[in-house]
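Peer 1: Have a look at this one.
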Amino acid sequence: MPPPLPSAAAAVGDLVVRRPEGLYCPPGDFYIDPWRAVPRAIITHAHADHARGGHGAYLCAAPGEGVLRARLGDIRLQTLAYGQTIHVQGVTVSLHPAGHVLGSAQVRLAWRGQVWVVSGDYKTEPDRTCAPFESVRCHCFITESTFGLPIYRWRPSAEVFAEINGWWQGNVAAGRPSLLLGYSFGKAQRLLAGLDPAIGPIVVHSAVEPLNEAYRAEGVALPPTLRFSEVKDKALWRQAVVLAPPSAARGPMSRTLSGASDAMASGWMQLRGARRRAGLDRGFVLSDHADWPGLVGAIGATGAERVIVTHGQEAVLVRWLQEQGLDASSMETDYGDEAANDTTDAVVPAAEAPAPSDQQAP
Ligand SMILES: [Zn+2]
Ligand SMILES: [Zn+2]
């Protein structure tokens with residue numbers, strides 16, 4: 001663990017506090033990912049639980065502009081390049097890559113010698129659909145904890161993609177369609193980037209393609225995709241993989257794809273109970289969030305003496321950090337799971353607590 005930054009000046013209040021509207025920076029008079037409408041909001045990323053409509057003015061990282069506008073339409077938006085600084089009422093603000101989805105950012109705030117970082121959602125393993133997570137030194141780190149239990153340990157994504165492509169190839173050989181479920185923003189594009197287009201055509205649900213377009217417009221290379229409605233030749237379904245949000249599994253699409261092998265890609269697929277309840281042929285463990293080693297590694301690399309845990313499995317992570325001698329606490333937020341970003345309820349319940357049978361390491 002790197003040595004901490006010099007101690008913050010005494011008598012400087014907290015740079016981020018919780019208000020009914022959301023996380024608030026008192027000296028700067030702005031909010032970060034507020035859940036109620038506010039005059040000024042910094043948005044860490046465009047998932048629906050972090051980026052809501054109705055704010056007076058928005059600030060986000062430049063690569064996130066397209067996806068944020070695809071979600072929220074015509075908003076008053078200012079963007080910052082990663083690492084660029086601005087001053088808001090004396091608070092120095094900059095945005096740094098969080099490695100979660102396109103345009104995702106950690107928010108760095110500096111005021112009177114004190115540095116705070118709000119992580120938003122983050123993932124430490126790099127992938128080619130967004131800028132890789134960057135560690136930022138700070139006095140206080142406000143971290144997410146979606147997968148903040150020691151049971152969550154991801155395998156390298158290259159291994160998971162080999163498994164997914166093998167499943168697809170096997171279905172082609174057996175002459176049945178492949179239905180791959182993943183959240184429409186972020187997960188779907190990451191899946192696309194890992195699918196092998198040599199196996200067959202890649203068909204996407206209508207909820208997914210507008211986000212693909214926003215990614216391509218930002219220069220992220222994705223394989224060619226067909227919209228579901230563009231497929232006229234029925235024989236093609238038997239070679240195709242169809243990428244759709246979990247909510248689509250029970251929709252009209254399932255009739256066209258009768259006999260398909262279905263699978264879901266999510267960190268929750270590590271839980272036997274979640275796999276069972278989802279009732280799918282396969283569950284691929286692939287997450288856009290940090291696993292337990294990723295979380296504790298990222299927290300350690302900030303050098304922060306104080307850590308505020310939000311958004312997930314706060315209690316276990318707080319206790320672990322306290323045992324390491326850090327000033328750790330939790331802060332309640334209204335953030336949910338990426339499931340909230342799809343139109344109807346997901347196959348896997350959002351942010352569910354693991355069942356006791358899931359608690360042992362797999
Ligand atoms: Zn997110
Ligand atoms: Zn989130």
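Each chain of the structure tokens is named A, B, ... in the order shown, its residues numbered from 1; ligands are numbered from 1 in display order.
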Please report as JSON lines every residue of range 112-224 of chain A lying within 12 Å of range 318-336 of chain A, along with the nearest atom pair and their distance in Å (one decimal), using only C-alpha atoms.
Peer 2:
{"residue": "A:Gly120", "atom": "CA", "partner": "A:Tyr335", "partner_atom": "CA", "distance": 9.9}
{"residue": "A:Asp121", "atom": "CA", "partner": "A:Tyr335", "partner_atom": "CA", "distance": 10.0}
{"residue": "A:His139", "atom": "CA", "partner": "A:Asp327", "partner_atom": "CA", "distance": 10.6}
{"residue": "A:Cys140", "atom": "CA", "partner": "A:Asp327", "partner_atom": "CA", "distance": 9.2}
{"residue": "A:Phe141", "atom": "CA", "partner": "A:Ala328", "partner_atom": "CA", "distance": 9.6}
{"residue": "A:Ile142", "atom": "CA", "partner": "A:Met331", "partner_atom": "CA", "distance": 8.8}
{"residue": "A:Thr143", "atom": "CA", "partner": "A:Ser330", "partner_atom": "CA", "distance": 9.4}
{"residue": "A:Glu144", "atom": "CA", "partner": "A:Tyr335", "partner_atom": "CA", "distance": 9.7}
{"residue": "A:Ser145", "atom": "CA", "partner": "A:Val318", "partner_atom": "CA", "distance": 9.7}
{"residue": "A:Thr146", "atom": "CA", "partner": "A:Gly336", "partner_atom": "CA", "distance": 8.9}
{"residue": "A:Gly148", "atom": "CA", "partner": "A:Val318", "partner_atom": "CA", "distance": 9.4}
{"residue": "A:Leu149", "atom": "CA", "partner": "A:Trp320", "partner_atom": "CA", "distance": 9.9}
{"residue": "A:Pro150", "atom": "CA", "partner": "A:Trp320", "partner_atom": "CA", "distance": 10.0}
Peer 1: Would you put the residues from that selection into a file with C-alpha atoms, as an mmCIF file, in the first residue's frame?
Peer 2:
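And here's out-v5.cif as it stands now:
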data_model
loop_
_atom_site.group_PDB
_atom_site.id
_atom_site.type_symbol
_atom_site.label_atom_id
_atom_site.label_comp_id
_atom_site.auth_asym_id
_atom_site.auth_seq_id
_atom_site.Cartn_x
_atom_site.Cartn_y
_atom_site.Cartn_z
ATOM 1 C CA GLY A 120 -18.931 5.734 -9.321
ATOM 2 C CA ASP A 121 -19.026 2.128 -10.549
ATOM 3 C CA HIS A 139 -7.422 11.369 1.476
ATOM 4 C CA CYS A 140 -10.936 9.978 1.272
ATOM 5 C CA PHE A 141 -12.221 7.431 -1.272
ATOM 6 C CA ILE A 142 -15.946 6.875 -1.734
ATOM 7 C CA THR A 143 -16.131 3.418 -3.265
ATOM 8 C CA GLU A 144 -18.876 1.256 -4.700
ATOM 9 C CA SER A 145 -19.187 -2.310 -3.382
ATOM 10 C CA THR A 146 -21.607 -4.104 -5.724
ATOM 11 C CA GLY A 148 -17.988 -6.544 -2.055
ATOM 12 C CA LEU A 149 -17.849 -10.075 -0.683
ATOM 13 C CA PRO A 150 -14.743 -12.304 -0.709
#
Peer 1: Can you list every residue of chain A that has an atom at most 9 Å from ligand 1, with its nearest atom pair and the distance in Å to one decimal, using only C-alpha atoms and all ligand atoms, ordered by chain then number, as a Markdown table?
Peer 2:
| residue | atom | partner | partner_atom_place_in_ligand_line | distance |
| --- | --- | --- | --- | --- |
| A:Thr44 | CA | ligand 1 | 1 (Zn) | 8.6 |
| A:His45 | CA | ligand 1 | 1 (Zn) | 6.6 |
| A:Ala46 | CA | ligand 1 | 1 (Zn) | 7.4 |
| A:His47 | CA | ligand 1 | 1 (Zn) | 5.0 |
| A:Ala48 | CA | ligand 1 | 1 (Zn) | 8.0 |
| A:Asp49 | CA | ligand 1 | 1 (Zn) | 7.6 |
| A:His50 | CA | ligand 1 | 1 (Zn) | 7.1 |
| A:His100 | CA | ligand 1 | 1 (Zn) | 6.8 |
| A:Val101 | CA | ligand 1 | 1 (Zn) | 7.2 |
| A:Ser104 | CA | ligand 1 | 1 (Zn) | 8.2 |
| A:Gly120 | CA | ligand 1 | 1 (Zn) | 7.4 |
| A:Asp121 | CA | ligand 1 | 1 (Zn) | 5.1 |
| A:Tyr122 | CA | ligand 1 | 1 (Zn) | 7.7 |
| A:Gly186 | CA | ligand 1 | 1 (Zn) | 8.3 |
| A:Asp288 | CA | ligand 1 | 1 (Zn) | 7.8 |
| A:His289 | CA | ligand 1 | 1 (Zn) | 7.9 |
| A:Tyr335 | CA | ligand 1 | 1 (Zn) | 8.9 |
| A:Gly336 | CA | ligand 1 | 1 (Zn) | 8.6 |
| A:Asp337 | CA | ligand 1 | 1 (Zn) | 7.2 |
| A:Glu338 | CA | ligand 1 | 1 (Zn) | 5.8 |
Peer 1: To test your reading of the structure, identify every residue in range 29-210 of chain A that backbone DSSP assigns to strand (DSSP E or B), and report it as a PyMOL selection string.
Peer 2: chain A and resi 30-32+40-42+57-61+77-80+85-88+91-97+105-111+114-118+140-145+178-181+202-204
Peer 1: For Pro201 in chain A, work out the shell of residues within 10 Å, counting only C-alpha atoms and skipping chain neighbours fewer than 3 positions away, then give it as a VMD selection string.
Peer 2: chain A and resid 196 to 198 204 223 to 226 236 to 242
Peer 1: Could you write out the selected residues, including C-alpha atoms, as an mmCIF file, in the first residue's frame?
Peer 2:
data_model
loop_
_atom_site.group_PDB
_atom_site.id
_atom_site.type_symbol
_atom_site.label_atom_id
_atom_site.label_comp_id
_atom_site.auth_asym_id
_atom_site.auth_seq_id
_atom_site.Cartn_x
_atom_site.Cartn_y
_atom_site.Cartn_z
ATOM 1 C CA ASP A 196 -16.027 -14.229 -32.589
ATOM 2 C CA PRO A 197 -17.912 -13.063 -35.732
ATOM 3 C CA ALA A 198 -16.348 -15.954 -37.710
ATOM 4 C CA VAL A 204 -29.077 -7.565 -31.498
ATOM 5 C CA PRO A 223 -18.233 -6.440 -35.003
ATOM 6 C CA PRO A 224 -21.060 -5.957 -37.526
ATOM 7 C CA THR A 225 -24.529 -6.486 -36.058
ATOM 8 C CA LEU A 226 -27.957 -7.162 -37.531
ATOM 9 C CA LEU A 236 -29.972 -17.865 -40.288
ATOM 10 C CA TRP A 237 -31.270 -18.155 -36.712
ATOM 11 C CA ARG A 238 -29.597 -21.546 -36.327
ATOM 12 C CA GLN A 239 -26.164 -19.984 -36.793
ATOM 13 C CA ALA A 240 -26.850 -16.717 -35.023
ATOM 14 C CA VAL A 241 -26.189 -15.476 -31.541
ATOM 15 C CA VAL A 242 -28.860 -13.023 -30.402
#
Peer 1: Could you name the residues that touch Pro26 in chain A at 9 Å or less, counting only C-alpha atoms, but leaving out those on the same chain fewer than 2 positions away, as a list in words?
Peer 2: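 Final neighbour list, sorted by chain and number: Gly13, Asp14, Leu15, Val16, Val17, Tyr24, Gly28, Asp29, Phe30 and Tyr31 of chain A.
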Peer 1: Keeping only N, CA and C atoms, write those residues as a PDB file, in the first residue's frame.
Peer 2:
ATOM      1  N   GLY A  13     -14.288  20.763   6.390  1.00  0.00           N
ATOM      2  CA  GLY A  13     -15.411  19.819   6.488  1.00  0.00           C
ATOM      3  C   GLY A  13     -15.350  18.774   5.398  1.00  0.00           C
ATOM      4  N   ASP A  14     -16.258  17.816   5.454  1.00  0.00           N
ATOM      5  CA  ASP A  14     -16.309  16.771   4.440  1.00  0.00           C
ATOM      6  C   ASP A  14     -16.598  17.372   3.063  1.00  0.00           C
ATOM      7  N   LEU A  15     -15.886  16.870   2.063  1.00  0.00           N
ATOM      8  CA  LEU A  15     -16.082  17.389   0.701  1.00  0.00           C
ATOM      9  C   LEU A  15     -17.306  16.790   0.031  1.00  0.00           C
ATOM     10  N   VAL A  16     -17.787  15.665   0.566  1.00  0.00           N
ATOM     11  CA  VAL A  16     -19.011  15.063   0.035  1.00  0.00           C
ATOM     12  C   VAL A  16     -19.866  14.612   1.215  1.00  0.00           C
ATOM     13  N   VAL A  17     -21.115  15.011   1.205  1.00  0.00           N
ATOM     14  CA  VAL A  17     -22.052  14.581   2.245  1.00  0.00           C
ATOM     15  C   VAL A  17     -23.304  14.042   1.554  1.00  0.00           C
ATOM     16  N   TYR A  24     -23.534  15.231  -2.170  1.00  0.00           N
ATOM     17  CA  TYR A  24     -23.453  16.688  -2.352  1.00  0.00           C
ATOM     18  C   TYR A  24     -22.092  17.189  -1.913  1.00  0.00           C
ATOM     19  N   GLY A  28     -18.552  23.290  -3.207  1.00  0.00           N
ATOM     20  CA  GLY A  28     -18.754  23.489  -4.645  1.00  0.00           C
ATOM     21  C   GLY A  28     -20.209  23.678  -5.028  1.00  0.00           C
ATOM     22  N   ASP A  29     -21.123  23.353  -4.101  1.00  0.00           N
ATOM     23  CA  ASP A  29     -22.567  23.457  -4.342  1.00  0.00           C
ATOM     24  C   ASP A  29     -23.003  22.693  -5.608  1.00  0.00           C
ATOM     25  N   PHE A  30     -22.597  21.424  -5.700  1.00  0.00           N
ATOM     26  CA  PHE A  30     -23.077  20.564  -6.793  1.00  0.00           C
ATOM     27  C   PHE A  30     -23.246  19.155  -6.252  1.00  0.00           C
ATOM     28  N   TYR A  31     -23.912  18.347  -7.036  1.00  0.00           N
ATOM     29  CA  TYR A  31     -24.177  16.955  -6.647  1.00  0.00           C
ATOM     30  C   TYR A  31     -23.424  16.001  -7.581  1.00  0.00           C
TER      31      TYR A  31
END
Peer 1: Report the residues of range 50-238 of chain A whose backbone DSSP state falls under helix (DSSP H, G or I), written as number ranges by chain.
Peer 2: A: 62-72, 157-174, 187-194, 209-217, 228-230, 234-238
Peer 1: Could those residues be written to a file, using C-alpha atoms, as an mmCIF file, in the first residue's frame?
Peer 2:
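Below is the file that was written, result.cif:
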data_model
loop_
_atom_site.group_PDB
_atom_site.id
_atom_site.type_symbol
_atom_site.label_atom_id
_atom_site.label_comp_id
_atom_site.auth_asym_id
_atom_site.auth_seq_id
_atom_site.Cartn_x
_atom_site.Cartn_y
_atom_site.Cartn_z
ATOM 1 C CA ALA A 62 -16.213 13.561 -22.882
ATOM 2 C CA PRO A 63 -16.296 9.917 -24.082
ATOM 3 C CA GLY A 64 -19.615 9.497 -22.212
ATOM 4 C CA GLU A 65 -21.465 12.265 -24.047
ATOM 5 C CA GLY A 66 -22.996 10.039 -26.741
ATOM 6 C CA VAL A 67 -24.289 7.356 -24.367
ATOM 7 C CA LEU A 68 -25.600 9.954 -21.903
ATOM 8 C CA ARG A 69 -27.479 11.763 -24.660
ATOM 9 C CA ALA A 70 -28.756 8.434 -26.023
ATOM 10 C CA ARG A 71 -30.282 7.862 -22.573
ATOM 11 C CA LEU A 72 -31.410 11.359 -21.537
ATOM 12 C CA SER A 157 -12.371 -12.255 -19.216
ATOM 13 C CA ALA A 158 -10.454 -13.902 -22.105
ATOM 14 C CA GLU A 159 -11.270 -17.294 -20.508
ATOM 15 C CA VAL A 160 -14.938 -16.373 -20.160
ATOM 16 C CA PHE A 161 -15.129 -15.234 -23.791
ATOM 17 C CA ALA A 162 -13.555 -18.528 -24.918
ATOM 18 C CA GLU A 163 -16.330 -20.293 -22.982
ATOM 19 C CA ILE A 164 -19.041 -18.092 -24.552
ATOM 20 C CA ASN A 165 -17.728 -18.608 -28.084
ATOM 21 C CA GLY A 166 -17.448 -22.370 -27.429
ATOM 22 C CA TRP A 167 -21.098 -22.458 -26.305
ATOM 23 C CA TRP A 168 -22.162 -20.548 -29.457
ATOM 24 C CA GLN A 169 -20.103 -22.837 -31.707
ATOM 25 C CA GLY A 170 -21.657 -25.903 -30.051
ATOM 26 C CA ASN A 171 -25.156 -24.545 -30.679
ATOM 27 C CA VAL A 172 -24.342 -23.884 -34.342
ATOM 28 C CA ALA A 173 -23.141 -27.487 -34.650
ATOM 29 C CA ALA A 174 -26.404 -28.679 -33.069
ATOM 30 C CA LYS A 187 -22.387 -5.448 -20.897
ATOM 31 C CA ALA A 188 -23.836 -5.892 -24.393
ATOM 32 C CA GLN A 189 -21.008 -3.936 -26.020
ATOM 33 C CA ARG A 190 -18.395 -5.790 -23.999
ATOM 34 C CA LEU A 191 -19.951 -9.105 -25.107
ATOM 35 C CA LEU A 192 -19.951 -7.910 -28.709
ATOM 36 C CA ALA A 193 -16.287 -7.014 -28.516
ATOM 37 C CA GLY A 194 -15.526 -10.553 -27.258
ATOM 38 C CA GLU A 209 -28.299 -1.110 -31.152
ATOM 39 C CA PRO A 210 -28.598 2.627 -30.237
ATOM 40 C CA LEU A 211 -25.904 2.082 -27.605
ATOM 41 C CA ASN A 212 -23.732 0.176 -30.099
ATOM 42 C CA GLU A 213 -24.005 3.215 -32.357
ATOM 43 C CA ALA A 214 -22.889 5.528 -29.546
ATOM 44 C CA TYR A 215 -19.874 3.270 -28.910
ATOM 45 C CA ARG A 216 -18.947 3.120 -32.605
ATOM 46 C CA ALA A 217 -19.250 6.913 -32.835
ATOM 47 C CA PHE A 228 -33.593 -8.537 -34.920
ATOM 48 C CA SER A 229 -36.164 -7.168 -37.387
ATOM 49 C CA GLU A 230 -33.657 -7.289 -40.257
ATOM 50 C CA LYS A 234 -35.217 -18.292 -40.969
ATOM 51 C CA ALA A 235 -32.250 -20.605 -41.595
ATOM 52 C CA LEU A 236 -29.972 -17.865 -40.288
ATOM 53 C CA TRP A 237 -31.270 -18.155 -36.712
ATOM 54 C CA ARG A 238 -29.597 -21.546 -36.327
#
Peer 1: Hey, which of A:Gly251, A:Thr256, A:Gly312, A:Leu181 ends up closest to Asp281 in chain A? Count only C-alpha atoms.
Peer 2: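 Answer, going by the shortest atom-to-atom distance: A:Leu181.
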Peer 1: With only C-alpha atoms and all ligand atoms as the basis for distance, which of A:Trp292, A:Trp35, A:Tyr82, A:Trp116 is at the shortest distance from ligand 2?
Peer 2: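 Using only C-alpha atoms and all ligand atoms, ligand 2 sits closest to A:Trp35.
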Peer 1: Which is closer to ligand 2 than all the others in A:His311, A:Arg155, A:Arg137, A:Arg112, using only C-alpha atoms and all ligand atoms?
Peer 2: A:His311
Peer 1: Using only C-alpha atoms and all ligand atoms, find the one residue out of A:Thr124, A:Ser119, A:Ser258, A:Ser94 that sits nearest to ligand 2.
Peer 2: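 Of all the options, A:Ser119 lies closest to ligand 2.
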Peer 1: Select, from A:Ala105, A:Leu195, A:Leu59, A:Ala315, the residue with the minimum atom-to-atom distance to ligand 2, counting only C-alpha atoms and all ligand atoms.
Peer 2: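 Closest to ligand 2 of all the choices is A:Ala105.
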Peer 1: Smallest atom-to-atom distance to ligand 2: which of A:Arg76, A:Pro245, A:Thr310, A:Ala221, using only C-alpha atoms and all ligand atoms?
Peer 2: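 Counting only C-alpha atoms and all ligand atoms, the residue closest to ligand 2 is A:Thr310.
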